[in-house]
Every structure is written in structure tokens, then in C-alpha cells.
Amino acid sequence: MASWAGLSPSIVEYFEGEDSYRCGYCKNESGSRSNGMWAHSMTVQDYQDLIDRGWRRSGKYVYKPVMNQTCCPQYTIRCRPLQFQPSKSHKKVLKKMLKFLAKGEISKGNCEDEPMEPTMEETVAGDFALINKLDIQCDLKTLSDDLKESFESEEKKKGKSPKKEESKELIQSQRIEEKLGSGEPSHPIKMHMAPKPGKGADLSKPPCRKAKEIRKERKRLKLMQQSPAGELEGFQAQGEPPSLFPPKANKSNQPKSLEDLIFESLPENASHKLEVRVVRSSPPSSQFKATFQESYQVYKRYQMIIHKDPPDKPTVSQFTRFLCSSPLEAENPPHGPDCGYGSFHQQYWLDGRIIAVGVIDILPYCVSSVYLYYDPDYSFLSLGVYSALREIGFTRQLHQKTSQLNYYYMGFYIHSCPKMKYKGQYRPSDLLCPETYVWVPIEQCLSSLDNSKYCRFNQDPEAVDEGRSKEPDRLQVFHKKAIMPYGVYKKQQKDPSEEAAVLQYAGLVGQACSERMLLLRT
């Protein structure tokens, strides 16, 4: 498991030019355009910076729509969970879940919240085409050996150095070798347990609590302690709020918080029990491996029934490549979230079986939603909306320990596609300006989008991309077993198209990422 300090660099392979493929939104056969690269590995900070420049990953393929050319411009959207207040339709979905859990009630014929449901087919149609086209079988061992040789070569140039420095370089090369290989050890994630009464008092809690609240706390402790030790990487029982959100005395003039609505107490004889487990998917933890087949079967049914895929299309290989493989490093800094950073599956267990899975990335400043799939038998629970609300709540929970983790990224907002406008209903939220990469409240963008598919949201005509590539010669290149700045690399190249490709890459990833990430050139 990688530590926060001394991380080995991200390694990416950029594909020059622009890809054109069938659009999953308007069905234009070649209208969707994007730039892309294959991420052999990537630090969470680099990916955070990339999504803040309009990139998004699909498995290990990382792509950026060509916003002023693609048929359906895709704007990165983020919600601000700390200020989030559920709407009337959100509350209906949460109450529907509570009624089902408490009494087994199934709402029939109530479809007023269904337009908010993500169809998801539109968001991944292009992704599948890209991944299938660029499913690179890279020679990981060769890459690993080349990187190791590169570090050894640099060491020789420096001459003899103190043993401490040699050890540091050795550890660095070993980290890269582990990163490019497949056997990085999994790291157990602590189960979220409520503190025992009287121990580790939380000063943020009210000094006095009602007897009813104390009884609820004892009930929560009893239920959570009954869970087998080490069985879950992250666990929340429905009806039992996480310890980071202690019960508060409700005031009649204050609306219920998201946590109040999600974790409303259930009766002792509740019809169903819902648990949410967070398991690391890359590198796969023991909990992820143990539930892989069950999770895959849910995905297969979802694709066949919801998206009408033939039985032979949603294969194990496709599932693994698209929703399990990730280039993100698993990182566990001391002041980060208990589960660490990286890629995870948030599993929804109903009465001991998986009914839905939210695929998420936990990054330095956000929780990024990747995909959701669910058992079609439970479509009546509006699981698309419900899971988004749970992920917003999860982001708020992570913020309690990691204060800079403030946002919930919902992927792309496509104003020109009516089915994809539901993401704009989670307020407050912001859209990313495709030219200056600043965040603009969505309310300020909608009128412009009504008039034009492609818009620059930043109203300052003098504003520029502050993170743009200003010194391309400082870009890091990995070529022929050596790491070198682009200024050195370009002197060895005679192909004029090479410079165009590298400069295009630098402009898209920005100066900071171009200096940190290694651009693999073969």
C-alpha cells in the first residue's frame, strides 16, 4: 500500500489526435469527439487535478471531450454536499425506502421521481466503444524493468551517494514495480464503529442528551458490535446514523438534515435490513474478492434488463475492465479518510444480499461517482436517486475527518440531453468552465446553455486558463528506459508530428500534471 510521502509518479500513454465515435446521447454515429490516454497508473492527486480540467476515467482509459466540437458537450458537474438540502422529490425517495424497510411497503404506480433516474446507458455508450478499441495489453514487466533501469542509471550519474539516499531510490523503484505489477497487498479498512459511552468524548457533541437519544446510541452500539470483526471495510446499518453524526434535538422550525432522513430509526420488528459496505476494488481487497461473483451477477442482470444487452455482452472481462480496473494508487495518508484514497465499490446489502453497487473514487477534494448498477427487481426503490443521496451523505461523513474533502462529483452534465439533466437537481452545484477551468454555479449557466450547446461560463473576457502549460520543456517524458524533461527529449526527435502530439497533451493536462506525470513515448 502506498504511503502519502514518496509516491512513485503517474505513468500515462497519450493518443495523439482526436477520437470520433458513436454518441450515446444523440446517437450520432461519429459525432462524439474526445482526446484520450491510457493510465498505466495514476496518483489520486493527479486524477483530482485532471477531473478539475474536464477529464474523466472509464476503467484505465482517461478521456476529455473536445467540448467545442463534440455533438453533445459534457460539462463536469460537482455538488456542494456541505450546503446540500434534499428537495421534495429527494425526500420522497428517502421516505419510500424507509417505508419499504420498516413495513415492506412497495409504492406502485408512483413514477413522479423516475425522470431523475440516471439511465446510465447514455453516459457509458461511448466509454464502452473507447475501452474496447483501446484495451491495451501493456507489457507491465518490461515497463517495470525499464523504470528500474532508469533509476539505476540516474544513480550512477550522481556517483556514490549516502546509503540513506540509495535506500530511498531503491524504495522508489520498488514502488513503481509494484504499481505496474498486479500483486500490491490490500490494506484493511477500519470499520466505522460508534465510540463507547464515556470514552473518547467528542467535544462537538451537545453537553446534554435526552434519555431517548442515549437509548438509540446503545441500540446502535449493540447492532454494530454484533457485526463480525474485520468482516466489513466500511459499514452503515440503515436506521443507525454513523457516529460522526450524533443525534441532535430536532427543532420544530428546522428542516430535517440529510442524515436525519437517511438514518431515521426503524422499528424493532422492521421488515428488512439495509447495510452499506465500502470495499476497495483496486487493488482488490479480500472483501471485494469474496463478493465479486455476486456483484457481477447484479451487473449482468442490470445490463440485460435495463439496457437490453444480449446475455453474452456483459461478460466478466467487460465488467472487470470497465468497473473494477482502476489506475488509481491506493493511498493512506495519516490525516486522510479512514478508508484511504483510491477506487471503491459501495455495496448496498438488503437482507444479506447485494441489490446495488455504486462505483466511486475517493480523491483529495471529492468523492467522484463513476457508475451505478442495481438489481432490476428493486427498480421501484429509485436506487439511482437513493444512491446519489447516500454518496452525498458519505462525502459529508468523510469531510468530518478530512476537511478539504468538500465535493461530490457527479461526472458529466449534458444539457442538450433531457435524460441527463437530472444531475442539475442536486443543489447547490457548479459546472466547470471548459476554457478557464473555474467553477461556476449552475444557475448562472443554464440560460446560456438554453441558447447554445457549447458555452464559456466564465464571464470575464480577459480570464485565461491559469493552469495552462507555460513551460512545455519541463514536461516529464519516459523514453527508452530513461526519464527526461521534454526539453532534452525533443532534441533526439526528428519527426515533426511528435512535437505536435506532446504539446497537445501538455495543453490538455496543464502545467502541474505535465511536470508530475510520466508521459510514456515508444
# chains A, B, ... in the order shown; residues from 1 in each chain; ligands from 1
call {"tool": "select_by_dssp", "arguments": {"residues": "range 302-469 of chain A", "states": "alpha helix (DSSP H)", "output": "PyMOL selection string"}}
result
chain A and resi 302-305+316-319+383-401+446-451
call {"tool": "residues_around", "arguments": {"residues": "Tyr63 in chain A", "least_positions_apart": "2", "cutoff": "9 Å", "atoms": "only C-alpha atoms", "output": "PyMOL selection string"}}
result
chain A and resi 34-38+54-58+61+65+127
call {"tool": "residues_around", "arguments": {"residues": "range 431-447 of chain A", "least_positions_apart": "2", "cutoff": "9 Å", "atoms": "only C-alpha atoms", "output": "JSON, numbers by chain"}}
result
{"A": [52, 53, 54, 67, 68, 75, 76, 77, 78, 413, 415, 424, 427, 428, 429, 449, 450, 451, 452, 454, 455, 456, 457, 458, 463, 464, 465, 466, 467, 468]}
call {"tool": "closest_residue", "arguments": {"among": "A:Phe84, A:Tyr341, A:Tyr489, A:Tyr14", "to": "Leu519 in chain A", "atoms": "only C-alpha atoms"}}
result
A:Tyr14
call {"tool": "decode", "arguments": {"residues": "range 356-449 of chain A", "atoms": "C-alpha atoms", "output": "short mmCIF file (atom, residue, chain, number, x, y, z; two decimals), in the first residue's frame"}}
result
data_model
loop_
_atom_site.label_atom_id
_atom_site.label_comp_id
_atom_site.auth_asym_id
_atom_site.auth_seq_id
_atom_site.Cartn_x
_atom_site.Cartn_y
_atom_site.Cartn_z
CA ALA A 356 -26.97 -2.30 -5.86
CA VAL A 357 -23.36 -1.14 -6.24
CA GLY A 358 -22.09 2.41 -6.58
CA VAL A 359 -18.62 2.60 -8.13
CA ILE A 360 -16.75 5.58 -6.65
CA ASP A 361 -13.32 7.17 -6.44
CA ILE A 362 -12.25 8.88 -3.22
CA LEU A 363 -9.90 11.73 -4.08
CA PRO A 364 -8.18 14.50 -2.06
CA TYR A 365 -11.03 17.00 -2.52
CA CYS A 366 -14.03 14.91 -3.51
CA VAL A 367 -15.95 11.68 -3.86
CA SER A 368 -16.29 11.06 -7.61
CA SER A 369 -19.19 8.92 -8.81
CA VAL A 370 -18.20 6.54 -11.61
CA TYR A 371 -21.24 4.30 -12.19
CA LEU A 372 -24.22 2.63 -10.53
CA TYR A 373 -25.80 -0.74 -11.26
CA TYR A 374 -28.61 -2.45 -9.38
CA ASP A 375 -30.92 -5.44 -9.29
CA PRO A 376 -33.84 -4.57 -11.61
CA ASP A 377 -36.24 -6.28 -9.18
CA TYR A 378 -35.73 -3.25 -6.90
CA SER A 379 -36.26 -0.52 -9.50
CA PHE A 380 -39.30 0.63 -7.51
CA LEU A 381 -36.90 1.99 -4.84
CA SER A 382 -35.48 4.64 -7.21
CA LEU A 383 -31.97 3.40 -6.44
CA GLY A 384 -30.32 5.91 -8.79
CA VAL A 385 -31.56 8.82 -6.71
CA TYR A 386 -31.19 6.98 -3.41
CA SER A 387 -27.56 6.03 -4.03
CA ALA A 388 -26.68 9.59 -5.08
CA LEU A 389 -28.12 10.88 -1.80
CA ARG A 390 -26.18 8.24 0.14
CA GLU A 391 -22.98 9.23 -1.68
CA ILE A 392 -23.59 12.89 -0.81
CA GLY A 393 -24.06 11.82 2.81
CA PHE A 394 -20.90 9.70 2.61
CA THR A 395 -18.95 12.74 1.35
CA ARG A 396 -20.21 14.76 4.33
CA GLN A 397 -19.10 11.95 6.64
CA LEU A 398 -15.59 11.84 5.12
CA HIS A 399 -15.34 15.62 5.46
CA GLN A 400 -15.60 15.31 9.23
CA LYS A 401 -12.07 13.90 9.38
CA THR A 402 -10.64 15.20 6.10
CA SER A 403 -11.70 18.84 5.99
CA GLN A 404 -10.54 19.52 2.42
CA LEU A 405 -12.77 16.73 1.07
CA ASN A 406 -15.74 19.00 0.29
CA TYR A 407 -17.30 17.98 -3.00
CA TYR A 408 -19.31 15.26 -4.72
CA TYR A 409 -18.52 14.96 -8.44
CA MET A 410 -21.37 13.52 -10.49
CA GLY A 411 -19.49 13.03 -13.76
CA PHE A 412 -20.78 14.97 -16.76
CA TYR A 413 -23.83 17.20 -17.11
CA ILE A 414 -25.28 17.16 -20.64
CA HIS A 415 -27.79 19.99 -21.01
CA SER A 416 -28.65 19.03 -24.59
CA CYS A 417 -29.77 15.54 -23.46
CA PRO A 418 -33.04 15.73 -21.45
CA LYS A 419 -32.41 12.37 -19.76
CA MET A 420 -29.06 13.60 -18.39
CA LYS A 421 -30.27 16.91 -16.95
CA TYR A 422 -31.31 15.20 -13.69
CA LYS A 423 -27.83 15.84 -12.27
CA GLY A 424 -28.61 19.55 -12.12
CA GLN A 425 -31.29 18.85 -9.49
CA TYR A 426 -28.75 18.21 -6.73
CA ARG A 427 -28.20 21.74 -5.47
CA PRO A 428 -26.10 23.69 -4.87
CA SER A 429 -23.90 22.57 -7.73
CA ASP A 430 -21.34 24.03 -10.12
CA LEU A 431 -20.31 23.46 -13.74
CA LEU A 432 -16.70 23.62 -14.95
CA CYS A 433 -15.91 26.33 -17.48
CA PRO A 434 -14.43 24.47 -20.49
CA GLU A 435 -12.00 27.30 -21.29
CA THR A 436 -10.72 28.71 -17.99
CA TYR A 437 -11.45 25.70 -15.73
CA VAL A 438 -13.12 27.70 -12.98
CA TRP A 439 -16.31 26.54 -11.27
CA VAL A 440 -19.50 28.50 -11.91
CA PRO A 441 -22.83 27.98 -10.06
CA ILE A 442 -25.17 26.06 -12.34
CA GLU A 443 -27.89 28.70 -12.04
CA GLN A 444 -25.60 31.15 -13.85
CA CYS A 445 -25.02 28.67 -16.71
CA LEU A 446 -28.49 27.42 -17.62
CA SER A 447 -29.73 30.39 -19.66
CA SER A 448 -26.56 30.30 -21.78
CA LEU A 449 -26.93 26.55 -22.32
#
